[in-house]
Amino acid sequence: MHSERCMSGSARGRAKPLVARPEWRACPTQPYVWTLEGWLYLAVLLDLYSRRVVGWAMSQRVTGELTEQALTMALAKRAPTAGLLHHSDRGSQYAATSYQRVLDEYGLIPSVSRTGNCWDNACVESFFGTLKRELIHHRQYHTREEAKQEIFEYLEVFYNRQRRHSTLGYRSPAEYEAKAAVA
């Protein structure tokens with residue numbers, strides 16, 4: 001556990017209504033991907049509205065910088081309005097002063113999982129299970145760079161643009177967002 005400030009799940013009460021708009025869920029820096037060079041760590045931000053991975057970063061170490069890189073990518077891609085709910089687990093990298101400062105700067109409302117409750121992050125845990133099942137468990141990566149390239153292709157080419165989700169009416173995240181933009 002850490003001593004940095006965390007906002008409890010009650011922060012949800014101050015968030016703007018989440019009807020027909022994106023809600024991000026930041027996830028733990030998992031999975032740990034084994035390569036013959038050592039571990040590779042992945043951090044992602046998932047948009048619960050469309051299940052799209054909107055921010056991601058990979059590194060050989062779990063650091064606050066890793067999660068901030070994923071957040072920075074998501075902010076650049078989405079340019080969210082103030083009041084967007086940002087939910088994460090209770091990891092110290094999400095409670096770090098520098099990470100919280102970025103959330104404050106953009107007006108994002110932080111929310112954290114209840115202690116010991118994995119159901120709060122079920123969508124993100126499901127995403128990681130899918131990533132492992134469809135890609136990682138089928139491969140032996142020789143280098144971190146090889147793993148990074150395949151994970152990049154999975155996220156940006158397959159998962160966001162082609163992989164269909166029953167939750168989205170069997171559309172990909174990109175198709176779902178495109179249809180919602182026209183409606």
# chains A, B, ... in the order shown; residues from 1 in each chain; ligands from 1
>>> closest_atom_pairs(of="segment 26-79 of chain A", to="segment 122-142 of chain A", cutoff="12 Å", atoms="only C-alpha atoms", output="Markdown table")
| residue | atom | partner | partner_atom | distance |
| --- | --- | --- | --- | --- |
| A:Ala26 | CA | A:Val124 | CA | 7.9 |
| A:Cys27 | CA | A:Val124 | CA | 6.0 |
| A:Pro28 | CA | A:Val124 | CA | 8.5 |
| A:Thr29 | CA | A:Phe128 | CA | 10.2 |
| A:Gln30 | CA | A:Phe128 | CA | 7.4 |
| A:Pro31 | CA | A:Phe128 | CA | 6.6 |
| A:Tyr32 | CA | A:Ile136 | CA | 9.8 |
| A:Val33 | CA | A:Ile136 | CA | 7.2 |
| A:Trp34 | CA | A:Tyr141 | CA | 7.1 |
| A:Thr35 | CA | A:Tyr141 | CA | 4.7 |
| A:Leu36 | CA | A:His142 | CA | 4.9 |
| A:Glu37 | CA | A:His142 | CA | 6.8 |
| A:Gly38 | CA | A:His142 | CA | 9.2 |
| A:Trp39 | CA | A:Tyr141 | CA | 10.2 |
| A:Leu40 | CA | A:Tyr141 | CA | 10.2 |
| A:Leu42 | CA | A:Phe128 | CA | 9.8 |
| A:Ala43 | CA | A:Phe128 | CA | 10.3 |
| A:Val44 | CA | A:Val124 | CA | 8.8 |
| A:Leu45 | CA | A:Val124 | CA | 8.6 |
| A:Leu46 | CA | A:Val124 | CA | 7.0 |
| A:Asp47 | CA | A:Val124 | CA | 9.7 |
| A:Leu48 | CA | A:Cys123 | CA | 7.7 |
| A:Tyr49 | CA | A:Cys123 | CA | 11.0 |
| A:Ser50 | CA | A:Cys123 | CA | 11.4 |
| A:Arg51 | CA | A:Cys123 | CA | 8.4 |
| A:Arg52 | CA | A:Phe127 | CA | 10.1 |
| A:Val53 | CA | A:Phe127 | CA | 9.4 |
>>> select_by_dssp(residues="segment 44-183 of chain A", states="strand (DSSP E or B)", output="list in words")
Val44, Leu45, Leu46, Asp47, Arg52, Val53, Val54, Gly55, Trp56, Ala57, Met58, Ser59, Leu85, His86, His87, Ser88, Ile109, Pro110, Ser111, Val112, Tyr141, His165 and Arg171 of chain A
>>> atom_distance(atom1="atom CA of Ser98 of chain A", atom2="atom CA of Thr67 of chain A")
10.6 Å
>>> residues_around(residues="Leu103 of chain A", least_positions_apart="6", cutoff="10 Å", atoms="only C-alpha atoms", output="mmCIF file with N, CA and C atoms, in the first residue's frame")
data_model
loop_
_atom_site.group_PDB
_atom_site.id
_atom_site.type_symbol
_atom_site.label_atom_id
_atom_site.label_comp_id
_atom_site.auth_asym_id
_atom_site.auth_seq_id
_atom_site.Cartn_x
_atom_site.Cartn_y
_atom_site.Cartn_z
ATOM 1 N N LEU A 71 -1.291 7.455 -20.150
ATOM 2 C CA LEU A 71 -2.254 8.533 -19.930
ATOM 3 C C LEU A 71 -2.045 9.666 -20.932
ATOM 4 N N LEU A 75 -4.791 11.129 -23.561
ATOM 5 C CA LEU A 75 -5.187 12.542 -23.565
ATOM 6 C C LEU A 75 -4.977 13.164 -24.939
ATOM 7 N N ALA A 82 -13.499 18.191 -19.145
ATOM 8 C CA ALA A 82 -13.423 18.053 -17.685
ATOM 9 C C ALA A 82 -14.627 17.257 -17.188
ATOM 10 N N LEU A 84 -14.571 13.851 -16.840
ATOM 11 C CA LEU A 84 -14.486 12.451 -17.253
ATOM 12 C C LEU A 84 -13.984 11.607 -16.094
ATOM 13 N N LEU A 85 -14.632 10.492 -15.830
ATOM 14 C CA LEU A 85 -14.242 9.601 -14.748
ATOM 15 C C LEU A 85 -13.036 8.775 -15.167
ATOM 16 N N HIS A 86 -12.020 8.748 -14.333
ATOM 17 C CA HIS A 86 -10.802 7.970 -14.562
ATOM 18 C C HIS A 86 -10.683 6.964 -13.429
ATOM 19 N N TYR A 94 -0.670 5.039 -9.853
ATOM 20 C CA TYR A 94 -1.860 5.848 -10.143
ATOM 21 C C TYR A 94 -2.127 6.894 -9.059
ATOM 22 N N THR A 97 1.885 11.584 -7.037
ATOM 23 C CA THR A 97 1.612 13.016 -7.164
ATOM 24 C C THR A 97 1.650 13.476 -8.619
ATOM 25 N N ILE A 109 -11.771 13.109 -13.112
ATOM 26 C CA ILE A 109 -12.135 12.754 -11.750
ATOM 27 C C ILE A 109 -11.582 11.369 -11.439
ATOM 28 N N PRO A 110 -10.628 11.298 -10.495
ATOM 29 C CA PRO A 110 -10.043 9.988 -10.160
ATOM 30 C C PRO A 110 -10.979 9.172 -9.284
#
>>> select_by_dssp(residues="segment 51-160 of chain A", states="alpha helix (DSSP H)", output="number ranges by chain")
A: 64-78, 92-95, 97-106, 122-134, 144-152
>>> atom_distance(atom1="atom CA of Glu150 of chain A", atom2="atom CA of Met58 of chain A")
11.8 Å
